[in-house]
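Shown next: query22.tsv, given as TSV, C-alpha atoms.
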```tsv
chain	number	residue	atom	x	y	z
A	8	MET	CA	-21.37	-70.92	44.48
A	9	LEU	CA	-19.86	-73.20	47.13
A	10	ARG	CA	-21.14	-70.95	49.90
A	11	SER	CA	-24.70	-71.32	48.61
A	12	ARG	CA	-24.63	-75.09	49.18
A	13	SER	CA	-25.69	-76.65	52.42
A	14	PRO	CA	-22.88	-77.61	54.83
A	15	TRP	CA	-23.70	-81.30	54.30
A	16	ALA	CA	-23.48	-81.07	50.53
A	17	LEU	CA	-20.29	-78.99	50.72
A	18	ALA	CA	-18.66	-81.49	53.08
A	19	ALA	CA	-19.56	-84.38	50.78
A	20	LEU	CA	-18.26	-82.50	47.73
A	21	LEU	CA	-14.93	-81.63	49.35
A	22	VAL	CA	-14.39	-85.15	50.70
A	23	GLY	CA	-15.19	-86.66	47.31
A	24	ALA	CA	-12.79	-84.27	45.55
A	25	VAL	CA	-9.94	-85.01	47.95
A	26	VAL	CA	-10.44	-88.77	47.66
A	27	ALA	CA	-10.49	-88.48	43.87
A	28	VAL	CA	-7.19	-86.60	43.97
A	29	GLN	CA	-5.81	-89.27	46.31
A	30	ALA	CA	-6.87	-92.01	43.89
A	31	LEU	CA	-4.86	-90.29	41.17
A	32	LEU	CA	-1.80	-89.39	43.24
A	33	VAL	CA	-1.22	-92.78	44.89
A	34	PRO	CA	-0.60	-94.66	41.62
A	35	LEU	CA	1.29	-91.69	40.21
A	36	PHE	CA	3.79	-91.88	43.08
A	37	ALA	CA	3.74	-95.63	43.74
A	38	ALA	CA	3.56	-97.20	40.28
A	39	PRO	CA	6.91	-95.92	38.94
A	40	ALA	CA	8.72	-97.03	42.12
A	41	ALA	CA	7.03	-100.43	42.05
A	42	HIS	CA	8.00	-101.18	38.46
A	43	LEU	CA	11.69	-100.30	38.39
A	44	ALA	CA	13.50	-102.34	35.73
A	45	PRO	CA	16.05	-101.66	32.98
A	46	ARG	CA	14.49	-100.23	29.83
A	47	ASP	CA	17.08	-99.44	27.15
A	48	LEU	CA	19.55	-98.77	29.95
A	49	PRO	CA	22.80	-97.50	28.42
A	50	VAL	CA	25.69	-99.89	29.16
A	51	ALA	CA	28.95	-100.70	27.43
A	52	VAL	CA	30.57	-104.03	26.60
A	53	ALA	CA	34.33	-103.70	26.11
A	54	GLY	CA	36.85	-106.22	24.82
A	55	PRO	CA	37.70	-108.26	21.71
A	56	PRO	CA	34.91	-108.14	19.09
A	57	PRO	CA	33.95	-111.84	19.29
A	58	ALA	CA	33.68	-111.70	23.09
A	59	VAL	CA	31.74	-108.42	22.90
A	60	ALA	CA	29.26	-109.91	20.44
A	61	GLU	CA	28.78	-113.01	22.57
A	62	LEU	CA	28.22	-111.07	25.82
A	63	THR	CA	25.89	-108.59	24.07
A	64	ALA	CA	23.76	-111.49	22.86
A	65	ARG	CA	23.63	-112.91	26.38
A	66	LEU	CA	22.52	-109.57	27.80
A	67	ALA	CA	19.77	-109.30	25.18
A	68	ALA	CA	18.61	-112.86	25.92
A	69	ALA	CA	18.66	-112.33	29.69
A	70	ARG	CA	16.51	-109.18	29.52
A	71	PRO	CA	15.04	-108.37	26.09
A	72	GLY	CA	14.85	-104.60	25.58
A	73	GLY	CA	16.54	-103.97	28.89
A	74	PHE	CA	19.91	-102.67	27.69
A	75	ALA	CA	21.15	-100.31	25.01
A	76	VAL	CA	24.64	-101.70	24.46
A	77	THR	CA	27.61	-99.74	23.17
A	78	ALA	CA	30.58	-101.81	21.99
A	79	LEU	CA	33.96	-100.42	23.04
A	80	PRO	CA	37.49	-101.68	22.41
A	81	ASP	CA	38.90	-101.81	25.93
A	82	ALA	CA	38.60	-100.87	29.59
A	83	THR	CA	40.11	-97.42	29.04
A	84	ALA	CA	37.39	-96.49	26.56
A	85	ALA	CA	34.76	-97.94	28.90
A	86	ASP	CA	35.96	-95.86	31.84
A	87	ARG	CA	35.95	-92.75	29.66
A	88	ALA	CA	32.34	-93.42	28.70
A	89	LEU	CA	31.45	-93.79	32.37
A	90	ARG	CA	33.08	-90.48	33.32
A	91	ASP	CA	31.32	-88.75	30.40
A	92	ARG	CA	27.92	-90.08	31.60
A	93	GLU	CA	27.38	-91.93	28.34
A	94	VAL	CA	26.73	-95.27	30.07
A	95	TYR	CA	25.83	-96.43	33.57
A	96	ALA	CA	28.19	-99.41	33.63
A	97	ALA	CA	30.58	-101.39	31.45
A	98	PHE	CA	31.10	-105.14	31.19
A	99	VAL	CA	34.80	-105.52	30.44
A	100	VAL	CA	35.89	-108.83	28.93
A	101	GLY	CA	39.52	-109.71	29.74
A	102	PRO	CA	41.79	-112.74	29.96
A	103	ASP	CA	40.41	-113.61	33.40
A	104	GLY	CA	36.77	-113.30	32.39
A	105	VAL	CA	34.22	-110.51	32.80
A	106	ALA	CA	34.70	-107.55	35.13
A	107	LEU	CA	32.13	-104.87	35.84
A	108	HIS	CA	32.98	-101.17	35.89
A	109	THR	CA	30.27	-98.97	37.40
A	110	ALA	CA	29.37	-95.34	38.10
A	111	PRO	CA	27.43	-95.41	41.38
A	112	ALA	CA	27.44	-91.60	41.41
A	113	ALA	CA	25.05	-91.69	38.44
A	114	SER	CA	22.69	-94.09	40.22
A	115	PRO	CA	23.55	-96.38	43.13
A	116	THR	CA	20.36	-98.31	42.31
A	117	VAL	CA	21.57	-99.09	38.79
A	118	ALA	CA	25.04	-100.02	40.04
A	119	ALA	CA	23.54	-102.52	42.49
A	120	LEU	CA	21.18	-103.93	39.88
A	121	LEU	CA	23.96	-104.46	37.33
A	122	THR	CA	26.25	-106.00	39.93
A	123	GLU	CA	23.54	-108.60	40.53
A	124	ALA	CA	23.05	-109.09	36.78
A	125	ALA	CA	26.80	-109.61	36.27
A	126	GLY	CA	26.78	-112.38	38.86
A	127	GLN	CA	23.94	-114.12	37.01
A	128	LEU	CA	25.76	-113.87	33.69
A	129	SER	CA	28.90	-115.42	35.18
A	130	ALA	CA	26.98	-118.47	36.43
A	131	GLY	CA	27.42	-117.44	40.05
A	132	ARG	CA	31.17	-116.90	39.91
A	133	PRO	CA	32.39	-113.71	41.65
A	134	VAL	CA	32.68	-110.76	39.28
A	135	PRO	CA	35.26	-108.07	40.08
A	136	VAL	CA	33.52	-104.71	40.41
A	137	THR	CA	35.33	-101.39	40.01
A	138	ALA	CA	33.56	-98.14	40.92
A	139	VAL	CA	35.00	-95.76	38.32
A	140	VAL	CA	32.82	-92.86	39.46
A	141	PRO	CA	31.91	-93.71	43.06
A	142	ALA	CA	29.09	-92.19	45.04
A	143	ASP	CA	29.93	-89.83	47.85
A	144	PRO	CA	31.39	-91.87	50.75
A	145	ASP	CA	28.97	-90.17	53.15
A	146	ASP	CA	26.03	-91.25	50.98
A	147	PRO	CA	26.96	-94.55	49.30
A	148	ARG	CA	23.35	-95.56	48.54
A	149	GLY	CA	22.30	-92.14	47.25
A	150	ALA	CA	19.41	-91.88	49.72
A	151	GLY	CA	20.68	-88.57	51.12
A	152	PHE	CA	20.99	-87.03	47.67
A	153	ALA	CA	17.41	-87.96	46.77
A	154	ALA	CA	16.00	-86.89	50.14
A	155	GLY	CA	17.99	-83.65	50.09
A	156	PHE	CA	16.73	-82.72	46.62
A	157	LEU	CA	13.04	-82.93	47.55
A	158	PRO	CA	13.10	-79.81	49.79
A	159	LEU	CA	14.65	-77.86	46.92
A	160	ALA	CA	11.58	-78.64	44.82
A	161	LEU	CA	9.17	-77.83	47.63
A	162	THR	CA	10.79	-74.51	48.49
A	163	GLY	CA	11.05	-73.53	44.84
A	164	MET	CA	7.33	-74.12	44.40
A	165	LEU	CA	6.61	-72.24	47.65
A	166	ALA	CA	8.73	-69.27	46.60
A	167	GLY	CA	6.84	-69.00	43.31
A	168	VAL	CA	3.47	-69.13	45.09
A	169	LEU	CA	4.39	-66.55	47.74
A	170	LEU	CA	5.92	-64.11	45.26
A	171	THR	CA	2.79	-64.34	43.13
A	172	LEU	CA	0.30	-63.88	45.95
A	173	LEU	CA	2.11	-61.32	48.10
A	174	VAL	CA	4.27	-59.23	45.75
A	175	ALA	CA	2.33	-56.96	43.41
A	176	GLY	CA	5.07	-55.08	41.57
A	177	ARG	CA	6.46	-56.61	38.41
A	178	ARG	CA	10.03	-55.51	39.06
A	179	ALA	CA	9.88	-56.55	42.69
A	180	ARG	CA	8.59	-59.97	41.71
A	181	LEU	CA	11.37	-60.46	39.17
A	182	ALA	CA	13.96	-59.28	41.69
A	183	GLY	CA	12.53	-61.71	44.22
A	184	LEU	CA	12.84	-64.63	41.79
A	185	LEU	CA	16.44	-63.79	40.88
A	186	GLY	CA	17.41	-63.14	44.49
A	187	TYR	CA	15.81	-66.41	45.56
A	188	ALA	CA	17.78	-68.34	42.91
A	189	VAL	CA	21.09	-66.86	44.06
A	190	LEU	CA	20.41	-67.44	47.75
A	191	ALA	CA	18.98	-70.93	47.19
A	192	GLY	CA	22.09	-71.94	45.27
A	193	ALA	CA	24.44	-70.58	47.93
A	194	VAL	CA	22.56	-72.01	50.90
A	195	GLY	CA	21.85	-75.30	49.13
A	196	VAL	CA	25.50	-75.99	48.42
A	197	ALA	CA	26.49	-74.87	51.92
A	198	VAL	CA	24.14	-77.46	53.40
A	199	LEU	CA	24.39	-80.36	50.93
A	200	HIS	CA	28.13	-80.02	50.24
A	201	GLY	CA	29.63	-78.26	53.23
A	202	TRP	CA	27.48	-79.45	56.12
A	203	LEU	CA	26.09	-82.85	55.12
A	204	GLY	CA	28.88	-83.82	52.71
A	205	LEU	CA	26.48	-85.32	50.15
A	206	LEU	CA	28.04	-83.66	47.10
A	207	GLY	CA	31.60	-84.06	45.92
A	208	GLY	CA	32.14	-81.61	43.07
A	209	ALA	CA	33.16	-78.00	42.65
A	210	PRO	CA	30.94	-75.91	44.96
A	211	TRP	CA	30.53	-73.12	42.41
A	212	ARG	CA	29.23	-75.58	39.83
A	213	GLU	CA	26.86	-77.20	42.32
A	214	ALA	CA	25.59	-73.79	43.46
A	215	GLY	CA	24.91	-72.87	39.83
A	216	ALA	CA	22.94	-76.07	39.28
A	217	ILE	CA	20.84	-75.58	42.42
A	218	GLY	CA	20.31	-71.90	41.62
A	219	LEU	CA	19.17	-72.59	38.05
A	220	PHE	CA	16.81	-75.32	39.22
A	221	SER	CA	15.41	-73.00	41.89
A	222	LEU	CA	14.86	-70.24	39.34
A	223	ALA	CA	13.17	-72.68	36.94
A	224	ALA	CA	10.85	-74.10	39.61
A	225	ALA	CA	9.93	-70.80	41.24
A	226	GLY	CA	9.85	-68.95	37.93
A	227	ILE	CA	7.43	-71.27	36.13
A	228	VAL	CA	5.09	-71.32	39.14
A	229	ALA	CA	5.18	-67.52	39.45
A	230	GLY	CA	4.84	-67.04	35.71
A	231	LEU	CA	1.80	-69.29	35.39
A	232	GLY	CA	0.31	-67.79	38.53
A	233	THR	CA	0.81	-64.26	37.23
A	234	LEU	CA	-0.76	-65.12	33.90
A	235	LEU	CA	-3.63	-67.38	35.00
A	236	GLY	CA	-4.15	-66.59	38.68
A	237	ARG	CA	-4.79	-69.37	41.16
A	238	ALA	CA	-5.39	-71.86	38.36
A	239	GLY	CA	-1.88	-71.08	37.12
A	240	LEU	CA	-0.45	-71.69	40.57
A	241	GLY	CA	-2.14	-75.10	40.59
A	242	LEU	CA	-0.74	-75.89	37.15
A	243	GLY	CA	2.73	-74.85	38.30
A	244	ALA	CA	2.50	-77.05	41.38
A	245	LEU	CA	1.44	-79.92	39.13
A	246	LEU	CA	4.48	-79.49	36.87
A	247	VAL	CA	7.01	-78.94	39.64
A	248	PHE	CA	5.89	-81.39	42.28
A	249	LEU	CA	2.73	-83.45	41.90
A	250	VAL	CA	3.75	-84.88	38.52
A	251	GLY	CA	7.37	-83.81	38.28
A	252	ASN	CA	8.53	-85.45	41.52
A	253	PRO	CA	7.37	-89.06	40.97
A	254	LEU	CA	8.61	-89.00	37.37
A	255	SER	CA	11.96	-87.41	38.24
A	256	ALA	CA	13.82	-90.67	39.01
A	257	VAL	CA	16.10	-88.71	41.35
A	258	ALA	CA	16.42	-91.79	43.56
A	259	ALA	CA	16.89	-94.25	40.68
A	260	ALA	CA	17.40	-93.55	36.96
A	261	PRO	CA	14.96	-92.48	34.23
A	262	GLU	CA	15.73	-95.66	32.26
A	263	LEU	CA	14.36	-97.73	35.15
A	264	LEU	CA	10.89	-96.12	35.04
A	265	PRO	CA	8.08	-97.32	32.78
A	266	GLN	CA	8.32	-95.50	29.47
A	267	PRO	CA	7.58	-92.91	28.26
A	268	TRP	CA	7.31	-91.57	31.82
A	269	GLY	CA	11.02	-91.81	32.53
A	270	THR	CA	11.75	-89.66	29.48
A	271	VAL	CA	8.90	-87.25	30.23
A	272	GLY	CA	10.25	-86.74	33.74
A	273	GLN	CA	13.57	-85.48	32.38
A	274	PHE	CA	11.73	-82.66	30.63
A	275	LEU	CA	10.11	-81.50	33.87
A	276	PRO	CA	11.96	-79.26	36.36
A	277	VAL	CA	12.65	-81.81	39.12
A	278	GLY	CA	13.95	-84.54	36.79
A	279	ALA	CA	16.16	-82.11	34.90
A	280	GLY	CA	17.34	-80.52	38.15
A	281	GLY	CA	18.35	-83.84	39.71
A	282	THR	CA	20.26	-84.86	36.59
A	283	LEU	CA	22.01	-81.50	36.37
A	284	LEU	CA	23.06	-81.58	40.02
A	285	ARG	CA	24.49	-85.11	39.66
A	286	SER	CA	26.48	-83.98	36.63
A	287	ALA	CA	27.79	-80.96	38.52
A	288	ALA	CA	28.57	-82.86	41.73
A	289	PHE	CA	30.18	-86.04	40.42
A	290	PHE	CA	30.98	-85.77	36.68
A	291	ASP	CA	32.56	-82.31	36.30
A	292	GLY	CA	29.55	-81.20	34.26
A	293	ALA	CA	29.50	-84.13	31.82
A	294	GLY	CA	26.01	-84.96	30.60
A	295	ALA	CA	24.65	-81.57	31.63
A	296	ALA	CA	23.65	-80.20	28.21
A	297	ARG	CA	20.05	-81.40	28.06
A	298	PRO	CA	19.03	-80.69	31.69
A	299	LEU	CA	20.74	-77.31	31.45
A	300	ALA	CA	18.69	-76.44	28.37
A	301	VAL	CA	15.45	-77.71	29.96
A	302	LEU	CA	15.89	-75.70	33.15
A	303	ALA	CA	16.98	-72.58	31.28
A	304	GLY	CA	13.84	-72.90	29.16
A	305	TYR	CA	11.56	-73.13	32.21
A	306	ALA	CA	13.33	-70.19	33.86
A	307	LEU	CA	13.08	-68.04	30.73
A	308	VAL	CA	9.43	-68.87	30.13
A	309	GLY	CA	8.60	-68.17	33.76
A	310	LEU	CA	10.30	-64.77	33.76
A	311	VAL	CA	8.64	-63.80	30.48
A	312	LEU	CA	5.23	-64.83	31.81
A	313	VAL	CA	5.78	-62.70	34.90
A	314	LEU	CA	6.41	-59.73	32.61
A	315	VAL	CA	3.57	-60.41	30.19
A	316	GLY	CA	1.07	-61.45	32.83
A	317	ARG	CA	1.76	-58.41	34.98
A	318	ARG	CA	1.35	-56.08	32.04
A	319	ALA	CA	-1.96	-57.73	31.19
A	320	VAL	CA	-3.15	-57.18	34.77
A	321	GLU	CA	-2.09	-53.58	34.63
A	322	ARG	CA	-3.98	-53.03	31.38
A	323	VAL	CA	-7.12	-54.66	32.71
A	324	ASP	CA	-6.98	-53.11	36.16
A	325	ALA	CA	-5.88	-49.65	35.15
A	326	PRO	CA	-8.67	-47.17	35.88
A	327	SER	CA	-10.13	-45.65	32.78
A	328	ALA	CA	-9.93	-41.92	32.43
A	329	PRO	CA	-13.13	-40.10	33.35
A	330	PRO	CA	-15.02	-38.74	30.39
A	331	ALA	CA	-14.28	-35.10	29.66
A	332	ARG	CA	-16.96	-32.68	30.67
A	333	THR	CA	-18.56	-30.65	28.00
A	334	GLU	CA	-19.89	-27.31	29.07
A	335	VAL	CA	-22.48	-25.66	26.98
A	336	THR	CA	-22.86	-21.92	27.32
A	337	VAL	CA	-26.00	-20.26	26.27
```
Before anything else, please render the file you have as structure tokens.
Amino acid sequence: MLRSRSPWALAALLVGAVVAVQALLVPLFAAPAAHLAPRDLPVAVAGPPPAVAELTARLAAARPGGFAVTALPDATAADRALRDREVYAAFVVGPDGVALHTAPAASPTVAALLTEAAGQLSAGRPVPVTAVVPADPDDPRGAGFAAGFLPLALTGMLAGVLLTLLVAGRRARLAGLLGYAVLAGAVGVAVLHGWLGLLGGAPWREAGAIGLFSLAAAGIVAGLGTLLGRAGLGLGALLVFLVGNPLSAVAAAPELLPQPWGTVGQFLPVGAGGTLLRSAAFFDGAGAARPLAVLAGYALVGLVLVLVGRRAVERVDAPSAPPARTEVTV
């Protein structure tokens, strides 16, 4: 149909389509980053009950709807909540005033934002800040982690596309997906942990997180592509990268994005993968249950679609048996 159009009409159609896609993608990528702010951000307030109630009220007044506050008895309980990834920071009320305990490994952006907020609450007086779960010393601002995770998403999407377009056999395609996941996990941890020093956890746990994310990303792209053809590949790219990446909050935190997009992003492969890798690298696996389930679901659905889609192709494409000849003897 496109070939039947004149070159002028085809050029105009293609340019218009690309500009329309650009008009959609620019706000999709830029708007979440331009509107970062706390939205029900989990924090703790620890100390005597009257002081906790007073500081909680001040937090609510300073930013209505910005914080989801958990009251805790003391600094020990607050630090435990930080290590378990239950909160991003804790305001600890003691005899000398308010101190801030943070977990920059969960989000350096949030740690910086709350450090600024603590200074405002203390009327400009210095607030002691303790990094209970620090970021990697080679990547204190988390920029390397976020930048290093993007190629994992791109290569996962690319692996799914190539395996769908170039590998015809069902078993070979499945073997390619599983082999890619294993190799991507091993090479990813060798580069991010061993070479660049951006991860600080157990390498086997980090490799498992990268491998599962790679299988989920490549698997869902290959599964949709196998089932729906090129339209499925486009849908897979949309889930994994075009929508999944800007909503992932890998460089910030999902609670800083406009809602419900921050929550939606955690149910897409890139958002879940970034959260899982942070848990594996800095929190000994704490907080990994939901992203683990999300990625396992994408991986399982993708592998099943590869099986089902391939069988459907075989049934449709299988040559029908020639009709039997009937000989009539006279």
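Our summary of the geometry notes that CA of Thr122 (chain A) is positioned 19.8 Å from CA of Ala84 (chain A).
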Open item on the list: Could you list, as a PyMOL selection string, every residue within 7 Å of region 261-266 of chain A, counting only C-alpha atoms and ignoring same-chain residues fewer than 3 positions away?
Closed with: chain A and resi 39+42-48+256+269-270
- [ ] Work out how far apart CA of Arg237 (chain A) and CA of Gly309 (chain A) are and give it in Å to one decimal.
- [x] 15.3 Å
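Of the listed residues (A:Pro56, A:Gly167, A:Gly73, A:Gly278), A:Gly278 comes nearest to Ala259 (chain A); the distances count only C-alpha atoms.
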Open item on the list: Please determine, counting all atoms listed in the file, which residue among A:Val22, A:Val228, A:Leu32, A:Leu234 has the shortest atom-to-atom distance to Leu165 (chain A).
Closed with: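 Nearest to Leu165 (chain A): A:Val228.
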Because the input lacks atoms here, generate all heavy atoms for region 22-33 of chain A and report them as a PDB file, keeping the file's coordinate frame.
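Result saved to selection.pdb:
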```pdb
ATOM      1  N   VAL A  22     -14.954 -83.831  50.411  1.00  0.00           N
ATOM      2  CA  VAL A  22     -14.390 -85.150  50.700  1.00  0.00           C
ATOM      3  C   VAL A  22     -14.252 -85.964  49.425  1.00  0.00           C
ATOM      4  O   VAL A  22     -13.226 -86.625  49.176  1.00  0.00           O
ATOM      5  CB  VAL A  22     -15.278 -85.887  51.727  1.00  0.00           C
ATOM      6  CG1 VAL A  22     -14.891 -87.357  51.826  1.00  0.00           C
ATOM      7  CG2 VAL A  22     -15.160 -85.224  53.098  1.00  0.00           C
ATOM      8  N   GLY A  23     -15.264 -85.930  48.572  1.00  0.00           N
ATOM      9  CA  GLY A  23     -15.190 -86.660  47.310  1.00  0.00           C
ATOM     10  C   GLY A  23     -14.065 -86.172  46.427  1.00  0.00           C
ATOM     11  O   GLY A  23     -13.359 -86.963  45.791  1.00  0.00           O
ATOM     12  N   ALA A  24     -13.866 -84.832  46.372  1.00  0.00           N
ATOM     13  CA  ALA A  24     -12.790 -84.270  45.550  1.00  0.00           C
ATOM     14  C   ALA A  24     -11.426 -84.687  46.061  1.00  0.00           C
ATOM     15  O   ALA A  24     -10.537 -85.063  45.281  1.00  0.00           O
ATOM     16  CB  ALA A  24     -12.911 -82.750  45.505  1.00  0.00           C
ATOM     17  N   VAL A  25     -11.241 -84.641  47.388  1.00  0.00           N
ATOM     18  CA  VAL A  25      -9.940 -85.010  47.950  1.00  0.00           C
ATOM     19  C   VAL A  25      -9.645 -86.488  47.719  1.00  0.00           C
ATOM     20  O   VAL A  25      -8.524 -86.874  47.377  1.00  0.00           O
ATOM     21  CB  VAL A  25      -9.890 -84.664  49.449  1.00  0.00           C
ATOM     22  CG1 VAL A  25      -8.638 -85.233  50.088  1.00  0.00           C
ATOM     23  CG2 VAL A  25      -9.940 -83.155  49.634  1.00  0.00           C
ATOM     24  N   VAL A  26     -10.654 -87.337  47.879  1.00  0.00           N
ATOM     25  CA  VAL A  26     -10.440 -88.770  47.660  1.00  0.00           C
ATOM     26  C   VAL A  26     -10.150 -89.049  46.198  1.00  0.00           C
ATOM     27  O   VAL A  26      -9.327 -89.917  45.865  1.00  0.00           O
ATOM     28  CB  VAL A  26     -11.670 -89.571  48.145  1.00  0.00           C
ATOM     29  CG1 VAL A  26     -11.564 -91.028  47.725  1.00  0.00           C
ATOM     30  CG2 VAL A  26     -11.789 -89.472  49.661  1.00  0.00           C
ATOM     31  N   ALA A  27     -10.778 -88.312  45.287  1.00  0.00           N
ATOM     32  CA  ALA A  27     -10.490 -88.480  43.870  1.00  0.00           C
ATOM     33  C   ALA A  27      -9.040 -88.107  43.558  1.00  0.00           C
ATOM     34  O   ALA A  27      -8.348 -88.788  42.798  1.00  0.00           O
ATOM     35  CB  ALA A  27     -11.453 -87.653  43.033  1.00  0.00           C
ATOM     36  N   VAL A  28      -8.590 -87.000  44.152  1.00  0.00           N
ATOM     37  CA  VAL A  28      -7.190 -86.600  43.970  1.00  0.00           C
ATOM     38  C   VAL A  28      -6.261 -87.669  44.547  1.00  0.00           C
ATOM     39  O   VAL A  28      -5.234 -88.022  43.958  1.00  0.00           O
ATOM     40  CB  VAL A  28      -6.935 -85.232  44.629  1.00  0.00           C
ATOM     41  CG1 VAL A  28      -5.445 -84.908  44.631  1.00  0.00           C
ATOM     42  CG2 VAL A  28      -7.711 -84.152  43.895  1.00  0.00           C
ATOM     43  N   GLN A  29      -6.619 -88.209  45.708  1.00  0.00           N
ATOM     44  CA  GLN A  29      -5.810 -89.270  46.310  1.00  0.00           C
ATOM     45  C   GLN A  29      -5.728 -90.485  45.389  1.00  0.00           C
ATOM     46  O   GLN A  29      -4.652 -91.079  45.217  1.00  0.00           O
ATOM     47  CB  GLN A  29      -6.427 -89.680  47.641  1.00  0.00           C
ATOM     48  CG  GLN A  29      -5.795 -90.917  48.282  1.00  0.00           C
ATOM     49  CD  GLN A  29      -6.562 -91.374  49.505  1.00  0.00           C
ATOM     50  OE1 GLN A  29      -6.608 -90.658  50.502  1.00  0.00           O
ATOM     51  NE2 GLN A  29      -7.178 -92.534  49.433  1.00  0.00           N
ATOM     52  N   ALA A  30      -6.856 -90.853  44.780  1.00  0.00           N
ATOM     53  CA  ALA A  30      -6.870 -92.010  43.890  1.00  0.00           C
ATOM     54  C   ALA A  30      -5.957 -91.817  42.690  1.00  0.00           C
ATOM     55  O   ALA A  30      -5.414 -92.784  42.147  1.00  0.00           O
ATOM     56  CB  ALA A  30      -8.299 -92.289  43.426  1.00  0.00           C
ATOM     57  N   LEU A  31      -5.764 -90.561  42.283  1.00  0.00           N
ATOM     58  CA  LEU A  31      -4.860 -90.290  41.170  1.00  0.00           C
ATOM     59  C   LEU A  31      -3.406 -90.207  41.621  1.00  0.00           C
ATOM     60  O   LEU A  31      -2.497 -90.658  40.911  1.00  0.00           O
ATOM     61  CB  LEU A  31      -5.263 -88.973  40.493  1.00  0.00           C
ATOM     62  CG  LEU A  31      -6.619 -88.962  39.779  1.00  0.00           C
ATOM     63  CD1 LEU A  31      -6.941 -87.559  39.298  1.00  0.00           C
ATOM     64  CD2 LEU A  31      -6.622 -89.945  38.615  1.00  0.00           C
ATOM     65  N   LEU A  32      -3.175 -89.620  42.800  1.00  0.00           N
ATOM     66  CA  LEU A  32      -1.800 -89.390  43.240  1.00  0.00           C
ATOM     67  C   LEU A  32      -1.113 -90.673  43.715  1.00  0.00           C
ATOM     68  O   LEU A  32       0.084 -90.846  43.503  1.00  0.00           O
ATOM     69  CB  LEU A  32      -1.775 -88.359  44.374  1.00  0.00           C
ATOM     70  CG  LEU A  32      -2.064 -86.916  43.981  1.00  0.00           C
ATOM     71  CD1 LEU A  32      -1.984 -86.003  45.203  1.00  0.00           C
ATOM     72  CD2 LEU A  32      -1.089 -86.441  42.911  1.00  0.00           C
ATOM     73  N   VAL A  33      -1.862 -91.566  44.369  1.00  0.00           N
ATOM     74  CA  VAL A  33      -1.220 -92.780  44.890  1.00  0.00           C
ATOM     75  C   VAL A  33      -0.577 -93.600  43.772  1.00  0.00           C
ATOM     76  O   VAL A  33       0.603 -93.947  43.852  1.00  0.00           O
ATOM     77  CB  VAL A  33      -2.233 -93.621  45.703  1.00  0.00           C
ATOM     78  CG1 VAL A  33      -1.667 -95.001  45.998  1.00  0.00           C
ATOM     79  CG2 VAL A  33      -2.562 -92.908  47.006  1.00  0.00           C
TER      80      VAL A  33
END
```
